[in-house]
>>> print(open('final.txt').read())   # compact mmCIF, C-alpha atoms
# COMPACT_ATOMS: atom_id res chain seq x y z
CA MET A 1 47.99 158.22 77.74
CA LEU A 2 50.32 155.88 79.59
CA ARG A 3 54.04 156.15 79.08
CA TYR A 4 56.71 153.86 80.45
CA ILE A 5 60.02 155.70 80.75
CA TYR A 6 63.43 154.86 82.20
CA GLY A 7 64.75 157.54 84.54
CA GLU A 8 67.60 158.44 82.22
CA ASP A 9 65.11 159.12 79.42
CA LEU A 10 62.93 161.50 81.45
CA SER A 11 64.92 164.43 80.08
CA ARG A 12 63.08 163.91 76.78
CA PHE A 13 59.84 164.83 78.62
CA PRO A 14 60.77 167.86 80.77
CA LEU A 15 57.21 169.00 81.55
CA LEU A 16 56.09 165.48 82.42
CA ARG A 17 59.18 164.95 84.59
CA ASP A 18 58.99 168.24 86.51
CA SER A 19 55.25 168.04 87.13
CA MET A 20 55.63 164.42 88.34
CA PHE A 21 58.31 165.24 90.91
CA LYS A 22 56.31 168.31 92.06
CA ASP A 23 53.14 166.26 92.43
CA ARG A 24 55.13 163.76 94.47
CA ALA A 25 56.15 166.54 96.88
CA THR A 26 52.49 167.57 97.17
CA GLN A 27 51.30 164.04 97.83
CA PHE A 28 54.01 162.58 100.03
CA ARG A 29 55.17 165.64 101.99
CA ASP A 30 52.15 167.95 102.06
CA ARG A 31 49.24 165.49 102.12
CA LEU A 32 50.66 162.35 103.76
CA GLY A 33 53.25 164.10 105.90
CA TRP A 34 56.06 161.67 105.03
CA SER A 35 59.56 162.90 105.77
CA VAL A 36 60.67 162.94 102.15
CA GLU A 37 63.29 165.25 100.72
CA VAL A 38 62.05 168.11 98.61
CA GLY A 39 64.55 170.22 96.70
CA SER A 40 64.54 173.99 96.30
CA ASP A 41 62.75 173.43 92.99
CA GLY A 42 59.80 171.99 94.94
CA GLN A 43 60.42 168.48 93.57
CA GLU A 44 60.56 165.28 95.63
CA ARG A 45 63.29 162.79 94.73
CA ASP A 46 64.98 160.00 96.65
CA GLY A 47 68.00 157.76 96.12
CA TYR A 48 66.00 155.23 94.12
CA ASP A 49 65.19 157.82 91.49
CA ALA A 50 68.93 157.95 90.85
CA MET A 51 69.01 154.20 90.07
CA ASN A 52 67.42 154.55 86.65
CA PRO A 53 64.06 153.00 87.51
CA ILE A 54 61.19 152.56 85.08
CA TYR A 55 58.33 155.01 85.63
CA ALA A 56 54.79 154.36 84.46
CA ILE A 57 53.25 157.79 83.98
CA TRP A 58 49.80 158.97 82.95
CA GLU A 59 50.38 161.90 80.63
CA ARG A 60 47.57 164.42 80.27
CA PRO A 61 46.71 166.02 76.93
CA ASP A 62 48.75 169.11 77.84
CA GLY A 63 51.82 166.95 78.46
CA SER A 64 51.72 167.20 82.25
CA HIS A 65 51.68 164.49 84.94
CA GLY A 66 48.37 162.92 85.94
CA GLY A 67 49.76 160.07 88.03
CA SER A 68 52.74 157.76 88.22
CA MET A 69 54.58 154.89 89.87
CA ARG A 70 58.14 153.58 89.88
CA PHE A 71 59.62 150.11 89.25
CA LEU A 72 62.94 148.54 90.26
CA PRO A 73 64.18 144.94 90.13
CA THR A 74 64.45 143.25 93.54
CA VAL A 75 67.80 141.63 92.63
CA ALA A 76 69.38 145.08 93.12
CA GLU A 77 68.70 147.73 95.77
CA THR A 78 65.05 148.34 96.57
CA MET A 79 63.19 150.35 99.15
CA VAL A 80 61.36 147.27 100.46
CA ASN A 81 64.59 145.39 101.16
CA ASP A 82 66.62 148.36 102.36
CA HIS A 83 64.05 149.89 104.72
CA PHE A 84 61.04 147.64 105.23
CA ARG A 85 62.50 144.15 105.51
CA HIS A 86 61.16 143.88 109.06
CA LEU A 87 57.66 144.34 107.68
CA SER A 88 57.74 141.83 104.85
CA GLY A 89 59.43 139.26 107.07
CA ALA A 90 61.80 138.50 104.24
CA GLU A 91 64.32 140.07 101.97
CA ILE A 92 62.46 139.62 98.71
CA ARG A 93 65.08 139.05 96.08
CA THR A 94 64.11 137.17 92.96
CA PRO A 95 64.39 137.93 89.24
CA LEU A 96 60.63 137.50 88.79
CA ILE A 97 59.50 140.12 91.32
CA TRP A 98 59.95 143.85 90.85
CA GLU A 99 59.31 146.55 93.39
CA CYS A 100 56.65 149.14 92.67
CA THR A 101 56.65 152.33 94.79
CA ARG A 102 55.71 156.03 94.83
CA PHE A 103 52.14 155.54 93.59
CA CYS A 104 51.26 159.18 93.11
CA LEU A 105 48.31 161.13 91.72
CA ALA A 106 48.19 164.74 90.61
CA PRO A 107 46.05 166.78 93.08
CA ASP A 108 43.23 167.16 90.55
CA ALA A 109 43.53 163.72 88.91
CA GLU A 110 40.35 162.13 87.55
CA PRO A 111 39.45 158.86 89.25
CA ARG A 112 40.19 156.77 86.18
CA ILE A 113 43.87 157.68 86.36
CA SER A 114 44.41 155.54 89.44
CA SER A 115 42.82 152.60 87.60
CA ALA A 116 45.02 153.31 84.61
CA LEU A 117 48.10 153.17 86.85
CA MET A 118 47.07 149.82 88.30
CA LEU A 119 46.63 148.62 84.73
CA ALA A 120 50.12 149.92 83.88
CA ALA A 121 51.59 147.92 86.77
CA LEU A 122 49.87 144.78 85.54
CA GLU A 123 51.10 145.38 81.97
CA VAL A 124 54.66 145.65 83.30
CA GLY A 125 54.21 142.38 85.19
CA LEU A 126 52.63 140.46 82.32
CA ASN A 127 54.85 141.75 79.53
CA PHE A 128 58.06 141.20 81.47
CA HIS A 129 57.03 137.74 82.71
CA LEU A 130 57.01 138.66 86.41
CA THR A 131 55.18 136.57 89.01
CA ASP A 132 54.54 139.46 91.43
CA LEU A 133 55.11 143.08 92.26
CA VAL A 134 56.02 144.08 95.79
CA GLY A 135 55.29 147.50 97.23
CA VAL A 136 55.18 149.75 100.29
CA PHE A 137 52.03 151.75 100.85
CA ASP A 138 50.15 153.58 103.56
CA ALA A 139 47.18 151.78 105.08
CA ARG A 140 44.68 154.14 103.49
CA MET A 141 45.61 152.70 100.09
CA ILE A 142 44.45 149.15 100.83
CA ARG A 143 40.82 150.20 100.40
CA VAL A 144 41.73 152.08 97.25
CA TYR A 145 43.45 149.04 95.73
CA ARG A 146 40.45 146.88 96.57
CA ARG A 147 38.11 149.32 94.89
CA LEU A 148 40.39 149.46 91.86
CA GLY A 149 40.05 145.72 91.41
CA TRP A 150 43.56 144.50 92.19
CA GLU A 151 44.25 143.95 95.83
CA PRO A 152 47.66 143.14 97.30
CA THR A 153 48.36 140.40 99.83
CA VAL A 154 49.67 142.27 102.86
CA LEU A 155 52.91 140.69 104.15
CA GLY A 156 53.22 142.94 107.18
CA SER A 157 52.31 146.32 108.62
CA GLU A 158 53.51 148.72 111.29
CA GLY A 159 51.93 151.71 112.96
CA ALA A 160 48.25 152.28 113.45
CA GLY A 161 45.43 154.29 111.96
CA ARG A 162 46.30 156.78 109.27
CA GLY A 163 50.01 156.42 109.92
CA ALA A 164 50.15 152.66 109.28
CA ILE A 165 52.49 151.44 106.58
CA SER A 166 52.29 148.03 104.88
CA VAL A 167 54.30 145.87 102.52
CA GLY A 168 52.26 143.84 100.06
CA LEU A 169 52.43 141.61 97.01
CA TRP A 170 50.39 141.87 93.83
CA ALA A 171 50.20 138.60 91.90
CA CYS A 172 50.55 139.30 88.18
CA THR A 173 47.87 137.16 86.60
CA ARG A 174 46.03 137.75 83.36
CA ASP A 175 42.61 137.34 84.96
CA VAL A 176 42.62 140.80 86.58
CA ARG A 177 43.39 142.55 83.29
CA GLN A 178 39.82 142.82 82.03
CA VAL A 179 38.58 144.39 85.26
CA LEU A 180 41.39 146.95 85.25
CA LEU A 181 40.80 147.78 81.58
CA GLU A 182 37.13 148.40 82.28
CA LYS A 183 37.74 150.54 85.36
CA ALA A 184 40.33 152.58 83.50
CA GLY A 185 38.11 152.88 80.43
CA ILE A 186 40.98 151.81 78.18
CA SER A 187 40.77 149.20 75.42
CA ALA A 188 43.13 146.21 75.55
CA ALA A 189 44.54 147.25 72.20
CA PHE A 190 45.40 150.77 73.35
CA SER A 191 46.92 149.59 76.57
CA GLN A 192 49.17 147.16 74.68
CA ALA A 193 50.00 149.75 72.04
CA TRP A 194 51.11 152.29 74.67
CA PHE A 195 53.28 149.67 76.27
CA ASP A 196 54.80 148.52 72.99
CA GLN A 197 55.45 152.09 71.90
CA SER A 198 57.38 152.81 75.08
CA PHE A 199 59.58 149.74 74.74
CA GLY A 200 60.14 149.98 71.00
CA LEU A 201 57.99 147.00 70.12
CA LYS A 202 56.22 147.09 66.81
CA THR A 203 52.54 146.98 67.59
CA ALA A 204 50.29 144.83 65.48
CA PRO A 205 47.35 146.70 63.91
CA LEU A 206 45.05 147.74 66.74
CA ALA A 207 42.13 145.67 65.49
CA ALA A 208 44.21 142.51 65.59
CA THR A 209 45.39 142.85 69.18
CA GLY A 210 42.07 143.75 70.81
CA MET B 1 61.52 122.39 80.19
CA LYS B 2 61.09 123.11 83.88
CA GLY B 3 62.94 119.93 84.74
CA ARG B 4 65.72 120.80 82.35
CA LEU B 5 66.14 124.26 83.88
CA ASP B 6 66.28 122.71 87.35
CA SER B 7 68.96 120.25 86.34
CA PHE B 8 70.93 123.08 84.74
CA ILE B 9 70.78 125.01 88.03
CA ASP B 10 71.94 121.87 89.84
CA ARG B 11 74.92 121.47 87.50
CA LEU B 12 75.69 125.15 87.91
CA GLN B 13 75.89 124.83 91.70
CA GLY B 14 78.78 122.38 91.52
CA THR B 15 80.76 124.67 89.25
CA ARG B 16 84.25 125.39 90.62
CA ASP B 17 85.84 127.60 87.98
CA PHE B 18 85.17 129.69 84.89
CA ASP B 19 86.15 126.89 82.48
CA GLU B 20 83.44 124.75 83.94
CA LEU B 21 80.99 127.66 83.83
CA GLN B 22 81.75 128.08 80.15
CA ARG B 23 81.05 124.38 79.49
CA HIS B 24 77.70 124.66 81.29
CA LEU B 25 76.82 127.77 79.29
CA LYS B 26 77.52 125.85 76.10
CA GLY B 27 75.31 123.08 77.44
CA LEU B 28 72.49 125.59 77.73
CA ARG B 29 72.14 125.43 73.95
CA ASP B 30 70.73 121.95 74.32
CA THR B 31 68.75 122.81 77.45
CA PHE B 32 66.96 125.62 75.66
CA ASP B 33 67.16 124.21 72.12
CA ILE B 34 68.82 127.39 70.94
CA GLU B 35 71.66 128.18 68.53
CA HIS B 36 73.75 130.56 70.66
CA VAL B 37 74.18 131.62 74.28
CA THR B 38 76.32 134.57 75.41
CA TYR B 39 77.01 135.90 78.88
CA HIS B 40 78.92 139.13 79.44
CA SER B 41 79.58 140.81 82.77
CA VAL B 42 81.16 144.14 83.68
CA ASN B 43 81.67 144.93 87.36
CA SER B 44 82.04 148.31 89.02
CA THR B 45 85.84 148.31 88.63
CA GLY B 46 85.52 147.67 84.90
CA HIS B 47 86.61 144.02 85.11
CA GLN B 48 84.96 142.01 82.35
CA TYR B 49 84.10 138.39 81.77
CA ALA B 50 82.54 137.00 78.62
CA SER B 51 81.58 133.57 77.42
CA THR B 52 79.91 132.83 74.11
CA THR B 53 79.09 130.09 71.67
CA TYR B 54 79.64 132.40 68.67
CA SER B 55 82.54 131.45 66.39
CA THR B 56 86.00 132.48 67.54
CA ASP B 57 86.37 134.53 64.37
CA TRP B 58 83.24 136.54 65.15
CA SER B 59 84.27 137.08 68.78
CA HIS B 60 87.68 138.34 67.69
CA GLN B 61 86.16 140.57 65.05
CA TYR B 62 83.59 141.90 67.55
CA PHE B 63 86.14 142.81 70.21
CA GLY B 64 88.86 143.78 67.71
CA GLU B 65 86.60 146.25 65.93
CA ASP B 66 85.01 147.33 69.23
CA TYR B 67 81.55 146.65 67.83
CA ALA B 68 80.01 147.30 71.27
CA ARG B 69 80.11 150.97 70.22
CA ILE B 70 77.58 150.38 67.46
CA ASP B 71 75.82 147.18 68.56
CA PRO B 72 72.17 148.19 69.19
CA VAL B 73 71.88 145.29 71.66
CA VAL B 74 74.55 146.80 73.91
CA GLN B 75 73.21 150.32 73.42
CA GLY B 76 69.63 149.23 74.13
CA CYS B 77 70.34 147.05 77.15
CA PHE B 78 73.00 148.91 79.08
CA ARG B 79 71.62 150.26 82.38
CA ARG B 80 68.25 148.62 81.66
CA PHE B 81 66.64 145.67 83.45
CA HIS B 82 63.78 144.41 81.29
CA PRO B 83 64.16 141.52 78.82
CA VAL B 84 64.78 142.90 75.34
CA ASP B 85 63.79 141.21 72.09
CA TRP B 86 66.20 142.39 69.40
CA ARG B 87 63.24 143.41 67.25
CA GLN B 88 62.54 146.20 69.78
CA LEU B 89 65.89 147.82 69.09
CA ASP B 90 66.71 150.60 66.68
CA TRP B 91 68.49 149.03 63.69
CA SER B 92 67.73 151.94 61.37
CA GLY B 93 71.15 153.64 61.12
CA LYS B 94 73.66 152.53 58.51
CA PRO B 95 76.33 151.39 61.04
CA ALA B 96 73.70 149.25 62.81
CA ARG B 97 72.46 147.75 59.54
CA ASP B 98 75.99 146.97 58.39
CA PHE B 99 76.73 145.42 61.76
CA MET B 100 73.59 143.27 61.53
CA GLY B 101 74.66 142.08 58.08
CA GLU B 102 78.05 141.01 59.37
CA ALA B 103 76.56 139.36 62.45
CA ARG B 104 74.15 137.33 60.32
CA ALA B 105 76.93 136.32 57.96
CA ALA B 106 78.89 135.12 61.02
CA GLY B 107 75.99 132.85 62.01
CA VAL B 108 74.68 134.85 64.97
CA GLY B 109 71.12 134.27 63.75
CA THR B 110 68.13 136.38 62.84
CA HIS B 111 66.50 136.71 66.24
CA GLY B 112 67.76 137.36 69.72
CA LEU B 113 66.60 137.95 73.25
CA SER B 114 68.79 139.68 75.83
CA VAL B 115 68.28 139.75 79.58
CA PRO B 116 70.08 142.70 81.21
CA ILE B 117 71.00 142.03 84.83
CA ARG B 118 71.47 144.71 87.45
CA GLY B 119 73.81 143.18 90.01
CA PRO B 120 75.23 144.37 93.34
CA SER B 121 77.42 147.51 93.59
CA GLY B 122 77.04 148.64 90.03
CA GLN B 123 77.71 145.28 88.39
CA PHE B 124 76.02 144.85 85.02
CA ALA B 125 75.62 141.70 82.96
CA LEU B 126 73.92 140.72 79.75
CA PHE B 127 72.67 137.23 79.02
CA THR B 128 71.70 136.65 75.40
CA ILE B 129 70.31 133.87 73.29
CA SER B 130 70.09 134.04 69.51
CA ASP B 131 68.74 131.81 66.82
CA ALA B 132 67.71 131.52 63.17
CA ARG B 133 64.11 130.50 63.80
CA ARG B 134 61.44 131.97 61.58
CA ASP B 135 59.36 134.86 62.96
CA ALA B 136 56.29 132.87 64.01
CA GLU B 137 58.37 130.12 65.59
CA TRP B 138 60.48 132.67 67.45
CA GLU B 139 57.31 134.32 68.70
CA ARG B 140 56.07 131.01 70.12
CA TYR B 141 59.48 130.15 71.51
CA THR B 142 59.92 133.39 73.47
CA ALA B 143 56.34 133.39 74.74
CA GLU B 144 56.98 129.97 76.23
CA HIS B 145 60.56 130.26 77.48
CA THR B 146 61.29 133.86 78.47
CA ARG B 147 60.57 133.31 82.15
CA ASP B 148 62.97 130.37 82.33
CA LEU B 149 65.58 132.33 80.40
CA ILE B 150 65.32 135.19 82.91
CA LEU B 151 65.89 132.71 85.73
CA ALA B 152 68.78 130.97 83.96
CA ALA B 153 70.38 134.36 83.28
CA HIS B 154 70.28 135.34 86.93
CA TYR B 155 71.52 131.99 88.22
CA VAL B 156 74.46 132.17 85.81
CA ASN B 157 75.21 135.70 86.97
CA GLN B 158 75.03 134.69 90.62
CA LYS B 159 77.49 131.85 89.98
CA ALA B 160 79.85 134.09 88.01
CA LEU B 161 79.88 136.66 90.84
CA GLU B 162 80.55 133.90 93.35
CA LEU B 163 83.48 132.56 91.27
CA GLU B 164 84.84 136.07 90.93
CA ARG B 165 84.76 136.57 94.69
CA GLY B 166 86.84 133.40 94.89
CA SER B 167 84.93 131.70 97.66
CA ASP B 168 84.30 128.01 97.05
CA GLU B 169 81.05 127.98 99.00
CA THR B 170 78.12 130.21 98.24
CA LYS B 171 78.40 133.26 100.43
CA VAL B 172 75.85 132.46 103.06
CA GLN B 173 72.98 134.74 102.27
CA ASN B 174 71.13 135.17 105.49
CA LEU B 175 67.63 133.89 105.26
CA SER B 176 65.05 136.13 106.83
CA PRO B 177 62.87 134.96 109.74
CA ARG B 178 59.89 134.31 107.46
CA GLU B 179 61.99 132.34 104.98
CA ILE B 180 63.43 130.29 107.83
CA ASP B 181 59.93 129.60 109.19
CA VAL B 182 58.73 128.42 105.82
CA CYS B 183 61.77 126.22 105.09
CA THR B 184 61.67 124.77 108.59
CA LEU B 185 58.05 123.71 108.30
CA LEU B 186 58.67 122.22 104.87
CA ALA B 187 61.76 120.42 106.19
CA MET B 188 59.56 118.94 108.92
CA GLY B 189 57.48 117.35 106.20
CA GLN B 190 54.53 119.70 106.13
CA SER B 191 52.79 120.35 102.85
CA ARG B 192 52.72 123.86 101.43
CA ALA B 193 49.08 124.19 102.41
CA GLN B 194 49.76 123.07 105.99
CA ALA B 195 52.78 125.35 106.34
CA ALA B 196 50.82 128.30 104.95
CA GLU B 197 47.97 127.67 107.33
CA GLN B 198 50.23 127.38 110.33
CA LEU B 199 51.96 130.66 109.45
CA GLY B 200 48.70 132.38 108.68
CA ILE B 201 49.70 133.29 105.13
CA SER B 202 48.34 132.34 101.70
CA GLU B 203 49.96 129.59 99.65
CA HIS B 204 50.89 132.22 97.08
CA THR B 205 52.75 134.24 99.69
CA LEU B 206 54.43 131.08 100.94
CA ARG B 207 55.61 130.40 97.39
CA VAL B 208 57.16 133.88 97.23
CA TYR B 209 59.14 133.20 100.42
CA VAL B 210 60.29 129.84 99.04
CA GLU B 211 61.30 131.40 95.70
CA SER B 212 63.21 134.12 97.49
CA ALA B 213 65.06 131.60 99.69
CA ARG B 214 65.67 129.38 96.66
CA PHE B 215 67.29 132.21 94.70
CA LYS B 216 69.46 133.30 97.64
CA LEU B 217 70.66 129.72 98.17
CA GLY B 218 71.09 129.06 94.45
CA ALA B 219 68.83 126.03 94.78
CA SER B 220 67.01 124.47 91.85
CA ASN B 221 63.82 123.56 93.67
CA THR B 222 62.12 123.67 97.05
CA ILE B 223 63.53 120.34 98.27
CA HIS B 224 67.02 121.42 97.29
CA ALA B 225 66.54 124.79 99.00
CA VAL B 226 65.37 123.14 102.21
CA ALA B 227 68.21 120.60 102.10
CA LYS B 228 70.73 123.36 101.49
CA ALA B 229 69.36 125.55 104.29
CA LEU B 230 69.59 122.53 106.61
CA SER B 231 73.16 121.69 105.61
CA MET B 232 74.19 125.31 106.10
CA GLY B 233 72.78 125.25 109.60
CA LEU B 234 70.23 127.90 108.79
CA LEU B 235 67.35 125.86 110.14
CA VAL B 236 66.90 124.53 113.63
CA ILE B 237 64.57 121.59 113.82
>>> encode(input="final.txt", output="structure tokens")
Amino acid sequence: MLRYIYGEDLSRFPLLRDSMFKDRATQFRDRLGWSVEVGSDGQERDGYDAMNPIYAIWERPDGSHGGSMRFLPTVAETMVNDHFRHLSGAEIRTPLIWECTRFCLAPDAEPRISSALMLAALEVGLNFHLTDLVGVFDARMIRVYRRLGWEPTVLGSEGAGRGAISVGLWACTRDVRQVLLEKAGISAAFSQAWFDQSFGLKTAPLAATG
Amino acid sequence: MKGRLDSFIDRLQGTRDFDELQRHLKGLRDTFDIEHVTYHSVNSTGHQYASTTYSTDWSHQYFGEDYARIDPVVQGCFRRFHPVDWRQLDWSGKPARDFMGEARAAGVGTHGLSVPIRGPSGQFALFTISDARRDAEWERYTAEHTRDLILAAHYVNQKALELERGSDETKVQNLSPREIDVCTLLAMGQSRAQAAEQLGISEHTLRVYVESARFKLGASNTIHAVAKALSMGLLVI
């Protein structure tokens, strides 16, 4: 299932939290070779994790991490504005755009989890009335996003080949929702219910929201 | 509605002091057709500023009794950054229920929406509207107006921060090269489509650059943003 959790509430889900930060070390340090900081506990964290971001996390039946991403408002500090402004050509700072980073999958994640995460990002955008999400990603991901059915507009890139890094914008429009739901194999009602549950909203009966 | 939000932002820009800001906040009740508007800011040094349309009696009672300790709105919004409908909050405990009873009796209303704002250097602000609309009406109202309320909240916060800094002109937020390109082409009379084509970007992306520049300059619309960038000498034509 999908959970949306503020950083300060991760302590309520210790297994989910620890396996997420470990999987991030595996993906970003071991597989992609990024110079990220990994603690002695084998977990990867950066300064933005300390800013109480919202995480969207796919939780597996055993309570462990299947995949995740991280959201922060662009009116405060973000990775895109602090480190990649030269790529986007602008300091993107508006109340209606949030940054989405650290798209991460567990090493043995089923393919549908990446679709579910894209869906989670769209749910965040639609439910919180955002116009766009902005993110930093390695070039390899552009193909993945296209295949998943929600492609970003690339604002700028640097580097070449496998090492290239881009900044892009995802427009949050309702018309991509159906495609993402289908690719993730999740019903509209469940997706909304998971979201509502995480943010304390009372969900209407499932049949009525589908 | 859009026009009304823009004219509110325009009025806000001319604001010189906190008294004037308070008058504009009160005016927001008409702009948004809402019973109450409250803005509360706490900066990193603990300095606070609050403005509200609630009755003086309720404000005194709230601060006198230090209700922030038990107010689920404060508990549920602090350190957050997503818009919060009061129905999402946990009102189940007895102190919270008693507090809700007193708030309703004081005319706060039955529904509320709060926009938490994460500002620079640890600043935190909360912008809240509340009303006595019925459930279905409230549902319709928030579906339609939440985006504008988020914008209004952030423009108010930006102005309050500027007044607190004590500068009488908006601190010149440097526009980035892309934002300058876009504003320059628009100032030269090009349409959005033409400007986008010339810069090799989509119209959607162009709109993001304009929105970003607009927010930094505290401008209510594109024309205003371009005019302001020109007057601040940010564009060279």
>>> closest_residue(input="final.txt", among="B:Arg80, B:Lys94, B:Lys228, B:Arg29", to="chain A", atoms="all atoms listed in the file")
B:Arg80
>>> atom_distance(input="final.txt", atom1="CA of Gly107 (chain B)", atom2="CA of Phe128 (chain A)")
27.7 Å
>>> closest_atom_pairs(input="final.txt", of="chain B", to="chain A", cutoff="6 Å", atoms="all atoms listed in the file", output="tab-separated table")
residue	atom	partner	partner_atom	distance
B:Gln88	CA	A:Leu201	CA	4.6
B:Gly119	CA	A:Ala76	CA	5.7
B:Pro120	CA	A:Ala76	CA	5.9
B:Arg147	CA	A:His129	CA	5.7
B:Ser176	CA	A:Ala90	CA	4.8
B:Arg178	CA	A:Gly89	CA	5.0
B:Ser212	CA	A:Arg93	CA	5.5
>>> write_last_selection(input="final.txt", atoms="C-alpha atoms", output="PDB file, in the coordinates of the input")
ATOM      1  CA  GLN B  88      62.540 146.200  69.780  1.00  0.00           C
ATOM      2  CA  GLY B 119      73.810 143.180  90.010  1.00  0.00           C
ATOM      3  CA  PRO B 120      75.230 144.370  93.340  1.00  0.00           C
ATOM      4  CA  ARG B 147      60.570 133.310  82.150  1.00  0.00           C
ATOM      5  CA  SER B 176      65.050 136.130 106.830  1.00  0.00           C
ATOM      6  CA  ARG B 178      59.890 134.310 107.460  1.00  0.00           C
ATOM      7  CA  SER B 212      63.210 134.120  97.490  1.00  0.00           C
TER       8      SER B 212
END
>>> atom_distance(input="final.txt", atom1="CA of Tyr209 (chain B)", atom2="CA of Phe84 (chain A)")
15.3 Å
>>> axis_aligned_box(input="final.txt", around="region 19-33 of chain A", padding_each_side="4 Å", output="AutoDock Vina command-line options")
--center_x 53.8 --center_y 165.3 --center_z 96.5 --size_x 17.1 --size_y 14.0 --size_z 26.8
>>> closest_residue(input="final.txt", among="A:Gly42, A:Asp108, A:Glu99, A:Gly67", to="Asp82 (chain A)", atoms="all atoms listed in the file")
A:Glu99
>>> residues_around(input="final.txt", residues="region 21-23 of chain A", least_positions_apart="3", cutoff="7 Å", atoms="only C-alpha atoms", output="list in words")
Arg17, Asp18, Thr26, Gln27, Gly42, Gln43, Glu44, Arg45 and Ala106 of chain A
>>> atom_distance(input="final.txt", atom1="CA of Gln178 (chain A)", atom2="CA of Leu105 (chain A)")
22.4 Å
>>> residues_around(input="final.txt", residues="Ala196 (chain B)", least_positions_apart="5", cutoff="10 Å", atoms="all atoms listed in the file", output="PyMOL selection string")
chain B and resi 182+185-186+190-191+201-207
>>> residues_around(input="final.txt", residues="region 153-167 of chain B", least_positions_apart="2", cutoff="8 Å", atoms="all atoms listed in the file", output="list in words")
Pro95 of chain A; Ile9, Leu12, Gln13, Thr15, Arg16, Asp17, Phe18, Leu21, Ser41, Val115, Ile117, Ala125, Phe127, Leu149, Ile150, Leu151, Glu169, Thr170, Lys171, Phe215 and Gly218 of chain B
>>> closest_residue(input="final.txt", among="A:Gly125, A:Cys172, A:Ser35, A:Val134", to="Gly156 (chain A)", atoms="all atoms listed in the file")
A:Val134
>>> residues_around(input="final.txt", residues="Trp91 (chain B)", least_positions_apart="6", cutoff="10 Å", atoms="only C-alpha atoms", output="PyMOL selection string")
chain B and resi 70-73+97-100
